[in-house]
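Undergrad: Supplied structure: final_31.cif, mmCIF, N, CA and C atoms.
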data_target
loop_
_atom_site.label_atom_id
_atom_site.label_comp_id
_atom_site.auth_asym_id
_atom_site.auth_seq_id
_atom_site.Cartn_x
_atom_site.Cartn_y
_atom_site.Cartn_z
N MET A 2 -11.96 -11.56 -7.26
CA MET A 2 -11.44 -10.81 -8.39
C MET A 2 -10.11 -10.15 -7.99
N HIS A 3 -9.20 -10.08 -8.94
CA HIS A 3 -7.89 -9.48 -8.70
C HIS A 3 -7.70 -8.25 -9.57
N VAL A 4 -6.82 -7.37 -9.13
CA VAL A 4 -6.42 -6.25 -9.96
C VAL A 4 -5.81 -6.80 -11.25
N SER A 5 -6.20 -6.24 -12.38
CA SER A 5 -5.68 -6.73 -13.66
C SER A 5 -4.25 -6.25 -13.87
N TYR A 6 -3.56 -6.93 -14.78
CA TYR A 6 -2.21 -6.51 -15.15
C TYR A 6 -2.22 -5.08 -15.67
N GLU A 7 -3.19 -4.78 -16.54
CA GLU A 7 -3.25 -3.44 -17.13
C GLU A 7 -3.48 -2.37 -16.07
N LEU A 8 -4.39 -2.62 -15.13
CA LEU A 8 -4.65 -1.64 -14.07
C LEU A 8 -3.44 -1.52 -13.15
N ALA A 9 -2.80 -2.63 -12.84
CA ALA A 9 -1.61 -2.59 -12.00
C ALA A 9 -0.54 -1.71 -12.63
N GLN A 10 -0.34 -1.83 -13.94
CA GLN A 10 0.66 -1.02 -14.64
C GLN A 10 0.27 0.46 -14.64
N GLN A 11 -1.02 0.74 -14.81
CA GLN A 11 -1.48 2.14 -14.77
C GLN A 11 -1.24 2.75 -13.39
N ILE A 12 -1.47 1.96 -12.35
CA ILE A 12 -1.25 2.44 -10.98
C ILE A 12 0.23 2.72 -10.76
N VAL A 13 1.09 1.80 -11.18
CA VAL A 13 2.54 2.01 -11.05
C VAL A 13 2.97 3.25 -11.83
N ASP A 14 2.49 3.38 -13.06
CA ASP A 14 2.88 4.53 -13.89
C ASP A 14 2.49 5.85 -13.23
N LYS A 15 1.29 5.91 -12.66
CA LYS A 15 0.84 7.14 -12.01
C LYS A 15 1.64 7.41 -10.73
N ALA A 16 1.97 6.35 -10.00
CA ALA A 16 2.78 6.51 -8.80
C ALA A 16 4.19 7.01 -9.15
N VAL A 17 4.77 6.48 -10.21
CA VAL A 17 6.08 6.95 -10.66
C VAL A 17 6.00 8.41 -11.09
N GLU A 18 4.95 8.75 -11.82
CA GLU A 18 4.75 10.14 -12.26
C GLU A 18 4.69 11.08 -11.05
N LYS A 19 3.94 10.70 -10.02
CA LYS A 19 3.83 11.52 -8.82
C LYS A 19 5.17 11.61 -8.10
N SER A 20 5.90 10.50 -8.05
CA SER A 20 7.22 10.49 -7.43
C SER A 20 8.14 11.50 -8.09
N LYS A 21 8.15 11.49 -9.41
CA LYS A 21 8.98 12.44 -10.14
C LYS A 21 8.54 13.87 -9.90
N GLN A 22 7.22 14.07 -9.84
CA GLN A 22 6.67 15.40 -9.62
C GLN A 22 7.13 15.98 -8.28
N ILE A 23 7.18 15.15 -7.24
CA ILE A 23 7.58 15.67 -5.92
C ILE A 23 9.06 15.44 -5.62
N GLY A 24 9.79 14.84 -6.58
CA GLY A 24 11.24 14.73 -6.48
C GLY A 24 11.74 13.64 -5.54
N VAL A 25 11.07 12.48 -5.55
CA VAL A 25 11.49 11.38 -4.70
C VAL A 25 11.70 10.11 -5.53
N LYS A 26 12.48 9.19 -5.00
CA LYS A 26 12.77 7.90 -5.65
C LYS A 26 12.09 6.81 -4.83
N MET A 27 11.22 6.05 -5.45
CA MET A 27 10.39 5.11 -4.71
C MET A 27 10.47 3.68 -5.24
N CYS A 28 10.16 2.76 -4.35
CA CYS A 28 9.83 1.38 -4.69
C CYS A 28 8.33 1.27 -4.59
N ILE A 29 7.70 0.67 -5.60
CA ILE A 29 6.24 0.61 -5.68
C ILE A 29 5.84 -0.83 -5.96
N ALA A 30 5.04 -1.39 -5.06
CA ALA A 30 4.58 -2.77 -5.18
C ALA A 30 3.06 -2.80 -5.32
N ILE A 31 2.57 -3.61 -6.24
CA ILE A 31 1.15 -3.86 -6.40
C ILE A 31 0.92 -5.34 -6.14
N LEU A 32 0.00 -5.64 -5.22
CA LEU A 32 -0.37 -7.02 -4.93
C LEU A 32 -1.78 -7.28 -5.42
N ASP A 33 -2.07 -8.54 -5.75
CA ASP A 33 -3.45 -8.92 -6.06
C ASP A 33 -4.20 -9.13 -4.75
N SER A 34 -5.47 -9.47 -4.84
CA SER A 34 -6.29 -9.59 -3.64
C SER A 34 -5.89 -10.76 -2.74
N GLY A 35 -5.10 -11.67 -3.26
CA GLY A 35 -4.57 -12.77 -2.45
C GLY A 35 -3.27 -12.44 -1.77
N GLY A 36 -2.78 -11.21 -1.96
CA GLY A 36 -1.53 -10.79 -1.35
C GLY A 36 -0.29 -11.20 -2.12
N ASN A 37 -0.47 -11.56 -3.41
CA ASN A 37 0.65 -11.98 -4.25
C ASN A 37 1.12 -10.82 -5.12
N LEU A 38 2.41 -10.74 -5.32
CA LEU A 38 2.98 -9.66 -6.11
C LEU A 38 2.47 -9.70 -7.54
N LYS A 39 1.92 -8.60 -7.99
CA LYS A 39 1.37 -8.47 -9.35
C LYS A 39 2.29 -7.62 -10.22
N SER A 40 2.80 -6.52 -9.62
CA SER A 40 3.68 -5.63 -10.35
C SER A 40 4.60 -4.94 -9.34
N PHE A 41 5.80 -4.64 -9.80
CA PHE A 41 6.77 -3.96 -8.92
C PHE A 41 7.70 -3.12 -9.76
N THR A 42 8.06 -1.95 -9.22
CA THR A 42 9.11 -1.16 -9.84
C THR A 42 9.96 -0.52 -8.76
N ARG A 43 11.24 -0.43 -9.06
CA ARG A 43 12.18 0.29 -8.20
C ARG A 43 12.79 1.37 -9.07
N MET A 44 12.46 2.62 -8.75
CA MET A 44 12.99 3.74 -9.52
C MET A 44 14.51 3.78 -9.35
N ASP A 45 15.20 4.31 -10.35
CA ASP A 45 16.65 4.45 -10.26
C ASP A 45 17.01 5.19 -8.99
N ASP A 46 17.99 4.66 -8.27
CA ASP A 46 18.52 5.23 -7.04
C ASP A 46 17.59 5.11 -5.83
N ALA A 47 16.46 4.42 -5.96
CA ALA A 47 15.62 4.16 -4.78
C ALA A 47 16.36 3.17 -3.88
N TRP A 48 16.17 3.30 -2.59
CA TRP A 48 16.86 2.45 -1.63
C TRP A 48 16.50 0.98 -1.81
N VAL A 49 17.50 0.13 -1.75
CA VAL A 49 17.29 -1.31 -1.82
C VAL A 49 16.44 -1.78 -0.64
N GLY A 50 16.66 -1.21 0.53
CA GLY A 50 15.88 -1.59 1.71
C GLY A 50 14.40 -1.30 1.58
N SER A 51 14.05 -0.39 0.68
CA SER A 51 12.64 -0.04 0.50
C SER A 51 11.87 -1.07 -0.31
N ILE A 52 12.57 -2.00 -0.96
CA ILE A 52 11.88 -3.06 -1.71
C ILE A 52 10.99 -3.86 -0.77
N ASP A 53 11.58 -4.39 0.28
CA ASP A 53 10.85 -5.21 1.24
C ASP A 53 9.77 -4.39 1.95
N ILE A 54 10.07 -3.16 2.28
CA ILE A 54 9.11 -2.31 2.98
C ILE A 54 7.89 -2.05 2.12
N ALA A 55 8.09 -1.73 0.84
CA ALA A 55 6.96 -1.47 -0.06
C ALA A 55 6.06 -2.70 -0.17
N ILE A 56 6.67 -3.86 -0.34
CA ILE A 56 5.88 -5.10 -0.45
C ILE A 56 5.11 -5.37 0.84
N LYS A 57 5.75 -5.18 1.98
CA LYS A 57 5.07 -5.44 3.25
C LYS A 57 4.00 -4.40 3.57
N LYS A 58 4.18 -3.16 3.13
CA LYS A 58 3.11 -2.17 3.30
C LYS A 58 1.88 -2.59 2.48
N ALA A 59 2.12 -3.04 1.26
CA ALA A 59 1.00 -3.50 0.42
C ALA A 59 0.35 -4.73 1.05
N LYS A 60 1.15 -5.65 1.56
CA LYS A 60 0.62 -6.86 2.19
C LYS A 60 -0.24 -6.51 3.40
N THR A 61 0.22 -5.56 4.19
CA THR A 61 -0.54 -5.12 5.36
C THR A 61 -1.89 -4.55 4.94
N ALA A 62 -1.88 -3.66 3.94
CA ALA A 62 -3.12 -3.05 3.45
C ALA A 62 -4.05 -4.10 2.86
N CYS A 63 -3.51 -5.08 2.18
CA CYS A 63 -4.31 -6.12 1.54
C CYS A 63 -4.91 -7.07 2.57
N HIS A 64 -4.10 -7.56 3.48
CA HIS A 64 -4.57 -8.55 4.45
C HIS A 64 -5.64 -8.00 5.39
N PHE A 65 -5.58 -6.69 5.66
CA PHE A 65 -6.51 -6.12 6.62
C PHE A 65 -7.47 -5.12 5.99
N ALA A 66 -7.40 -4.98 4.66
CA ALA A 66 -8.34 -4.13 3.91
C ALA A 66 -8.45 -2.73 4.48
N MET A 67 -7.29 -2.18 4.84
CA MET A 67 -7.25 -0.80 5.32
C MET A 67 -5.84 -0.26 5.14
N PRO A 68 -5.69 1.05 5.14
CA PRO A 68 -4.36 1.62 4.98
C PRO A 68 -3.40 1.13 6.07
N SER A 69 -2.16 0.90 5.68
CA SER A 69 -1.16 0.43 6.63
C SER A 69 -1.00 1.39 7.81
N GLY A 70 -1.15 2.68 7.57
CA GLY A 70 -1.05 3.66 8.65
C GLY A 70 -2.17 3.53 9.66
N GLU A 71 -3.35 3.08 9.24
CA GLU A 71 -4.46 2.85 10.18
C GLU A 71 -4.16 1.66 11.08
N ILE A 72 -3.57 0.62 10.51
CA ILE A 72 -3.14 -0.52 11.32
C ILE A 72 -2.11 -0.03 12.33
N GLY A 73 -1.25 0.89 11.90
CA GLY A 73 -0.24 1.45 12.80
C GLY A 73 -0.84 2.09 14.04
N LYS A 74 -1.91 2.83 13.86
CA LYS A 74 -2.58 3.47 15.01
C LYS A 74 -3.11 2.43 15.98
N LEU A 75 -3.58 1.32 15.44
CA LEU A 75 -4.14 0.26 16.28
C LEU A 75 -3.08 -0.65 16.89
N SER A 76 -1.83 -0.52 16.43
CA SER A 76 -0.78 -1.42 16.90
C SER A 76 0.17 -0.77 17.91
N LEU A 77 -0.16 0.43 18.35
CA LEU A 77 0.65 1.10 19.37
C LEU A 77 0.47 0.41 20.72
N PRO A 78 1.45 0.55 21.62
CA PRO A 78 1.27 -0.04 22.96
C PRO A 78 -0.06 0.42 23.58
N GLY A 79 -0.77 -0.54 24.15
CA GLY A 79 -2.05 -0.26 24.77
C GLY A 79 -3.23 -0.30 23.82
N GLN A 80 -2.98 -0.44 22.53
CA GLN A 80 -4.05 -0.50 21.54
C GLN A 80 -4.37 -1.97 21.22
N PRO A 81 -5.55 -2.22 20.61
CA PRO A 81 -6.00 -3.61 20.46
C PRO A 81 -5.15 -4.50 19.56
N LEU A 82 -4.36 -3.92 18.66
CA LEU A 82 -3.55 -4.75 17.76
C LEU A 82 -2.05 -4.66 18.06
N TYR A 83 -1.70 -4.28 19.28
CA TYR A 83 -0.29 -4.17 19.66
C TYR A 83 0.45 -5.46 19.34
N GLY A 84 1.54 -5.34 18.59
CA GLY A 84 2.37 -6.48 18.23
C GLY A 84 2.00 -7.15 16.91
N ILE A 85 0.97 -6.66 16.24
CA ILE A 85 0.50 -7.31 15.02
C ILE A 85 1.57 -7.34 13.92
N GLU A 86 2.51 -6.40 13.96
CA GLU A 86 3.53 -6.35 12.91
C GLU A 86 4.41 -7.59 12.89
N HIS A 87 4.34 -8.39 13.94
CA HIS A 87 5.12 -9.63 13.99
C HIS A 87 4.37 -10.81 13.36
N SER A 88 3.13 -10.61 12.98
CA SER A 88 2.35 -11.68 12.36
C SER A 88 2.56 -11.71 10.85
N ASN A 89 2.04 -12.70 10.21
CA ASN A 89 2.03 -12.80 8.74
C ASN A 89 3.42 -12.65 8.12
N ASP A 90 4.43 -13.19 8.76
CA ASP A 90 5.81 -13.07 8.29
C ASP A 90 6.28 -11.63 8.19
N GLY A 91 5.69 -10.76 8.99
CA GLY A 91 6.12 -9.37 9.08
C GLY A 91 5.23 -8.42 8.31
N LEU A 92 4.72 -7.43 9.03
CA LEU A 92 3.90 -6.38 8.44
C LEU A 92 4.60 -5.04 8.65
N ILE A 93 4.19 -4.05 7.91
CA ILE A 93 4.67 -2.68 8.10
C ILE A 93 3.46 -1.85 8.47
N THR A 94 3.53 -1.19 9.62
CA THR A 94 2.35 -0.52 10.16
C THR A 94 2.49 1.00 10.18
N PHE A 95 3.14 1.55 9.17
CA PHE A 95 3.13 2.99 9.01
C PHE A 95 2.70 3.33 7.59
N PRO A 96 2.35 4.59 7.31
CA PRO A 96 1.73 4.96 6.03
C PRO A 96 2.55 4.60 4.79
N GLY A 97 1.79 4.37 3.70
CA GLY A 97 2.39 4.04 2.41
C GLY A 97 1.77 2.82 1.77
N GLY A 98 0.89 2.13 2.50
CA GLY A 98 0.18 0.98 1.96
C GLY A 98 -1.30 1.27 1.92
N LEU A 99 -1.93 1.04 0.77
CA LEU A 99 -3.36 1.31 0.60
C LEU A 99 -4.04 0.16 -0.12
N PRO A 100 -5.26 -0.19 0.31
CA PRO A 100 -6.01 -1.20 -0.44
C PRO A 100 -6.47 -0.63 -1.78
N ILE A 101 -6.60 -1.50 -2.76
CA ILE A 101 -7.19 -1.15 -4.06
C ILE A 101 -8.57 -1.80 -4.08
N VAL A 102 -9.59 -0.98 -4.17
CA VAL A 102 -10.97 -1.43 -4.06
C VAL A 102 -11.70 -1.02 -5.32
N ASP A 103 -12.45 -1.95 -5.90
CA ASP A 103 -13.20 -1.60 -7.11
C ASP A 103 -14.45 -0.80 -6.76
N ASN A 104 -15.16 -0.35 -7.77
CA ASN A 104 -16.32 0.52 -7.56
C ASN A 104 -17.49 -0.19 -6.89
N GLU A 105 -17.44 -1.51 -6.80
CA GLU A 105 -18.47 -2.26 -6.09
C GLU A 105 -18.09 -2.50 -4.63
N GLY A 106 -16.93 -1.99 -4.21
CA GLY A 106 -16.49 -2.16 -2.84
C GLY A 106 -15.72 -3.45 -2.58
N MET A 107 -15.27 -4.12 -3.64
CA MET A 107 -14.54 -5.38 -3.53
C MET A 107 -13.04 -5.10 -3.51
N LEU A 108 -12.34 -5.67 -2.54
CA LEU A 108 -10.90 -5.57 -2.48
C LEU A 108 -10.30 -6.35 -3.64
N VAL A 109 -9.52 -5.68 -4.50
CA VAL A 109 -8.90 -6.36 -5.64
C VAL A 109 -7.38 -6.38 -5.55
N GLY A 110 -6.82 -5.72 -4.54
CA GLY A 110 -5.37 -5.70 -4.39
C GLY A 110 -4.94 -4.60 -3.44
N ALA A 111 -3.66 -4.26 -3.51
CA ALA A 111 -3.11 -3.21 -2.66
C ALA A 111 -1.85 -2.66 -3.29
N ILE A 112 -1.53 -1.42 -2.90
CA ILE A 112 -0.27 -0.78 -3.30
C ILE A 112 0.54 -0.51 -2.04
N GLY A 113 1.84 -0.67 -2.18
CA GLY A 113 2.77 -0.29 -1.12
C GLY A 113 3.88 0.54 -1.73
N VAL A 114 4.21 1.65 -1.07
CA VAL A 114 5.23 2.56 -1.56
C VAL A 114 6.21 2.86 -0.44
N SER A 115 7.50 2.83 -0.76
CA SER A 115 8.53 3.17 0.21
C SER A 115 9.71 3.81 -0.50
N GLY A 116 10.34 4.76 0.19
CA GLY A 116 11.54 5.38 -0.37
C GLY A 116 11.82 6.77 0.15
N ASP A 117 10.88 7.34 0.89
CA ASP A 117 11.07 8.70 1.40
C ASP A 117 10.35 8.78 2.75
N SER A 118 9.90 9.96 3.12
CA SER A 118 9.14 10.08 4.37
C SER A 118 7.83 9.30 4.22
N VAL A 119 7.25 8.89 5.34
CA VAL A 119 5.99 8.17 5.25
C VAL A 119 4.90 9.06 4.67
N GLU A 120 5.00 10.36 4.86
CA GLU A 120 4.03 11.29 4.27
C GLU A 120 4.12 11.24 2.74
N ASN A 121 5.34 11.29 2.21
CA ASN A 121 5.51 11.20 0.76
C ASN A 121 5.18 9.82 0.22
N ASP A 122 5.49 8.79 0.98
CA ASP A 122 5.12 7.44 0.57
C ASP A 122 3.60 7.36 0.39
N HIS A 123 2.86 7.91 1.35
CA HIS A 123 1.40 7.90 1.28
C HIS A 123 0.89 8.72 0.09
N ILE A 124 1.47 9.89 -0.14
CA ILE A 124 1.06 10.74 -1.27
C ILE A 124 1.21 9.99 -2.59
N VAL A 125 2.33 9.31 -2.76
CA VAL A 125 2.59 8.57 -3.99
C VAL A 125 1.64 7.37 -4.10
N ALA A 126 1.42 6.66 -3.01
CA ALA A 126 0.48 5.53 -3.03
C ALA A 126 -0.92 6.02 -3.39
N GLN A 127 -1.34 7.13 -2.81
CA GLN A 127 -2.68 7.65 -3.09
C GLN A 127 -2.81 8.04 -4.55
N ALA A 128 -1.78 8.65 -5.12
CA ALA A 128 -1.82 9.02 -6.54
C ALA A 128 -2.00 7.77 -7.41
N GLY A 129 -1.32 6.69 -7.06
CA GLY A 129 -1.48 5.45 -7.80
C GLY A 129 -2.88 4.88 -7.67
N VAL A 130 -3.38 4.82 -6.46
CA VAL A 130 -4.71 4.25 -6.22
C VAL A 130 -5.79 5.09 -6.89
N ASP A 131 -5.61 6.39 -6.96
CA ASP A 131 -6.62 7.26 -7.56
C ASP A 131 -6.91 6.88 -9.02
N VAL A 132 -5.94 6.29 -9.70
CA VAL A 132 -6.12 5.84 -11.08
C VAL A 132 -7.21 4.78 -11.17
N ALA A 133 -7.32 3.97 -10.14
CA ALA A 133 -8.24 2.84 -10.15
C ALA A 133 -9.69 3.25 -9.99
N GLY A 134 -9.96 4.51 -9.66
CA GLY A 134 -11.33 4.96 -9.45
C GLY A 134 -11.97 4.19 -8.32
N VAL A 135 -11.25 4.04 -7.23
CA VAL A 135 -11.68 3.18 -6.14
C VAL A 135 -12.53 3.92 -5.12
N CYS A 136 -13.18 3.14 -4.30
CA CYS A 136 -13.88 3.66 -3.14
C CYS A 136 -13.24 3.04 -1.91
N ASN A 137 -13.58 3.55 -0.75
CA ASN A 137 -13.02 3.02 0.49
C ASN A 137 -13.71 1.73 0.89
N MET A 138 -12.99 0.91 1.62
CA MET A 138 -13.58 -0.30 2.19
C MET A 138 -14.57 0.11 3.27
N PRO A 139 -15.59 -0.70 3.50
CA PRO A 139 -16.49 -0.42 4.63
C PRO A 139 -15.69 -0.38 5.93
N LYS A 140 -16.10 0.46 6.84
CA LYS A 140 -15.39 0.62 8.09
C LYS A 140 -15.57 -0.61 8.98
N HIS A 141 -14.45 -1.09 9.52
CA HIS A 141 -14.50 -2.18 10.49
C HIS A 141 -14.98 -1.62 11.82
N PRO A 142 -15.71 -2.40 12.60
CA PRO A 142 -16.23 -1.88 13.87
C PRO A 142 -15.15 -1.51 14.87
N TRP A 143 -13.94 -2.07 14.76
CA TRP A 143 -12.89 -1.78 15.73
C TRP A 143 -11.89 -0.75 15.23
N ARG A 144 -12.13 -0.21 14.04
CA ARG A 144 -11.23 0.83 13.51
C ARG A 144 -11.51 2.16 14.18
N THR A 145 -10.45 2.96 14.33
CA THR A 145 -10.60 4.29 14.93
C THR A 145 -11.00 5.30 13.90
#
Could you write out this file's structure as structure tokens?
TA:
Amino acid sequence: MHVSYELAQQIVDKAVEKSKQIGVKMCIAILDSGGNLKSFTRMDDAWVGSIDIAIKKAKTACHFAMPSGEIGKLSLPGQPLYGIEHSNDGLITFPGGLPIVDNEGMLVGAIGVSGDSVENDHIVAQAGVDVAGVCNMPKHPWRT
């Protein structure tokens, strides 16, 4: 199952609303569960470089069914996933990417947000995901 067009738009709209509320300009990408772009918006004056970052944050969250920042913790030198950002045609392993999970625990897509600090990117992504009424993915045995 994939995130629907209607839900993807609701997620983007809520993320844009949160961006405006905290005074930041963001690129927001929604991917379906196959990692394909479903919806995208670039707010006026958001950095062009953040387009690719937002998409790759969403791809990271989707491919590994966990927040991109969690992959980041596992990809530090000496950690089990060191170097993973070079796989899958490039991943982004810092906060701002979140899986979109339905109420049955099924991964239906992901959101990626980029345009400000990683803390603000995460806040905006979380606001978008909260619209979906999602739950967290089951914990992987190797996650911290």
Undergrad: Which residue is closest to A:Glu18? Choose from A:Cys63, A:Val125, A:Ala55, A:Val109 and count only N, CA and C atoms.
TA: A:Val125
Undergrad: What separation in Å, quoted to one decimal, exists between atom N of A:Ser51 and atom C of A:Gln80?
TA: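 Interatomic distance here is 27.6 Å.
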Undergrad: What are the DSSP alpha helix (DSSP H) residues of stretch 15-122 of chain A, as a tab-separated table (two decimals) with N, CA and C atoms, in the coordinates of the input?
TA:
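Done, and the output landed in states09.tsv:
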chain	number	residue	atom	x	y	z
A	15	LYS	N	1.29	5.91	-12.66
A	15	LYS	CA	0.84	7.14	-12.01
A	15	LYS	C	1.64	7.41	-10.73
A	16	ALA	N	1.97	6.35	-10.00
A	16	ALA	CA	2.78	6.51	-8.80
A	16	ALA	C	4.19	7.01	-9.15
A	17	VAL	N	4.77	6.48	-10.21
A	17	VAL	CA	6.08	6.95	-10.66
A	17	VAL	C	6.00	8.41	-11.09
A	18	GLU	N	4.95	8.75	-11.82
A	18	GLU	CA	4.75	10.14	-12.26
A	18	GLU	C	4.69	11.08	-11.05
A	19	LYS	N	3.94	10.70	-10.02
A	19	LYS	CA	3.83	11.52	-8.82
A	19	LYS	C	5.17	11.61	-8.10
A	20	SER	N	5.90	10.50	-8.05
A	20	SER	CA	7.22	10.49	-7.43
A	20	SER	C	8.14	11.50	-8.09
A	21	LYS	N	8.15	11.49	-9.41
A	21	LYS	CA	8.98	12.44	-10.14
A	21	LYS	C	8.54	13.87	-9.90
A	22	GLN	N	7.22	14.07	-9.84
A	22	GLN	CA	6.67	15.40	-9.62
A	22	GLN	C	7.13	15.98	-8.28
A	23	ILE	N	7.18	15.15	-7.24
A	23	ILE	CA	7.58	15.67	-5.92
A	23	ILE	C	9.06	15.44	-5.62
A	50	GLY	N	16.66	-1.21	0.53
A	50	GLY	CA	15.88	-1.59	1.71
A	50	GLY	C	14.40	-1.30	1.58
A	51	SER	N	14.05	-0.39	0.68
A	51	SER	CA	12.64	-0.04	0.50
A	51	SER	C	11.87	-1.07	-0.31
A	52	ILE	N	12.57	-2.00	-0.96
A	52	ILE	CA	11.88	-3.06	-1.71
A	52	ILE	C	10.99	-3.86	-0.77
A	53	ASP	N	11.58	-4.39	0.28
A	53	ASP	CA	10.85	-5.21	1.24
A	53	ASP	C	9.77	-4.39	1.95
A	54	ILE	N	10.07	-3.16	2.28
A	54	ILE	CA	9.11	-2.31	2.98
A	54	ILE	C	7.89	-2.05	2.12
A	55	ALA	N	8.09	-1.73	0.84
A	55	ALA	CA	6.96	-1.47	-0.06
A	55	ALA	C	6.06	-2.70	-0.17
A	56	ILE	N	6.67	-3.86	-0.34
A	56	ILE	CA	5.88	-5.10	-0.45
A	56	ILE	C	5.11	-5.37	0.84
A	57	LYS	N	5.75	-5.18	1.98
A	57	LYS	CA	5.07	-5.44	3.25
A	57	LYS	C	4.00	-4.40	3.57
A	58	LYS	N	4.18	-3.16	3.13
A	58	LYS	CA	3.11	-2.17	3.30
A	58	LYS	C	1.88	-2.59	2.48
A	59	ALA	N	2.12	-3.04	1.26
A	59	ALA	CA	1.00	-3.50	0.42
A	59	ALA	C	0.35	-4.73	1.05
A	60	LYS	N	1.15	-5.65	1.56
A	60	LYS	CA	0.62	-6.86	2.19
A	60	LYS	C	-0.24	-6.51	3.40
A	61	THR	N	0.22	-5.56	4.19
A	61	THR	CA	-0.54	-5.12	5.36
A	61	THR	C	-1.89	-4.55	4.94
A	62	ALA	N	-1.88	-3.66	3.94
A	62	ALA	CA	-3.12	-3.05	3.45
A	62	ALA	C	-4.05	-4.10	2.86
A	63	CYS	N	-3.51	-5.08	2.18
A	63	CYS	CA	-4.31	-6.12	1.54
A	63	CYS	C	-4.91	-7.07	2.57
A	64	HIS	N	-4.10	-7.56	3.48
A	64	HIS	CA	-4.57	-8.55	4.45
A	64	HIS	C	-5.64	-8.00	5.39
A	65	PHE	N	-5.58	-6.69	5.66
A	65	PHE	CA	-6.51	-6.12	6.62
A	65	PHE	C	-7.47	-5.12	5.99
A	69	SER	N	-2.16	0.90	5.68
A	69	SER	CA	-1.16	0.43	6.63
A	69	SER	C	-1.00	1.39	7.81
A	70	GLY	N	-1.15	2.68	7.57
A	70	GLY	CA	-1.05	3.66	8.65
A	70	GLY	C	-2.17	3.53	9.66
A	71	GLU	N	-3.35	3.08	9.24
A	71	GLU	CA	-4.46	2.85	10.18
A	71	GLU	C	-4.16	1.66	11.08
A	72	ILE	N	-3.57	0.62	10.51
A	72	ILE	CA	-3.14	-0.52	11.32
A	72	ILE	C	-2.11	-0.03	12.33
A	73	GLY	N	-1.25	0.89	11.90
A	73	GLY	CA	-0.24	1.45	12.80
A	73	GLY	C	-0.84	2.09	14.04
A	74	LYS	N	-1.91	2.83	13.86
A	74	LYS	CA	-2.58	3.47	15.01
A	74	LYS	C	-3.11	2.43	15.98
A	75	LEU	N	-3.58	1.32	15.44
A	75	LEU	CA	-4.14	0.26	16.28
A	75	LEU	C	-3.08	-0.65	16.89
A	119	VAL	N	7.25	8.89	5.34
A	119	VAL	CA	5.99	8.17	5.25
A	119	VAL	C	4.90	9.06	4.67
A	120	GLU	N	5.00	10.36	4.86
A	120	GLU	CA	4.03	11.29	4.27
A	120	GLU	C	4.12	11.24	2.74
A	121	ASN	N	5.34	11.29	2.21
A	121	ASN	CA	5.51	11.20	0.76
A	121	ASN	C	5.18	9.82	0.22
A	122	ASP	N	5.49	8.79	0.98
A	122	ASP	CA	5.12	7.44	0.57
A	122	ASP	C	3.60	7.36	0.39
Undergrad: May I ask for the distance between atom C of A:Thr61 and atom CA of A:Ile93, given in Å to one decimal place?
TA: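 Here the two named atoms are 7.5 Å from each other.
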Undergrad: Taking every listed atom of stretch 34-37 of chain A and adding 3 Å to each side, what centre and edge lengths in Å (one decimal) does the axis-aligned box have, as JSON?
TA:
{"center_x": -2.6, "center_y": -11.1, "center_z": -3.2, "size_x": 13.4, "size_y": 9.3, "size_z": 9.8}
Undergrad: Given the file shown, enumerate the residues that the PyMOL selection byres ((chain A and resi 92) around 8) captures and present them as a ChimeraX atom specification.
TA: /A:54,56-58,60-62,85-91,93-95
Undergrad: Calculated over only C-alpha atoms, which of the candidates A:Ile101, A:Ser118, A:Gly36, A:Ala47 has the smallest distance to A:Asp131?
TA: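 Smallest separation from A:Asp131 among the options: A:Ile101.
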Undergrad: Apply DSSP to the structure's backbone, then extract all residues of stretch 33-97 of chain A labelled strand (DSSP E) and return them as a PyMOL selection string.
TA: chain A and resi 33+38-43
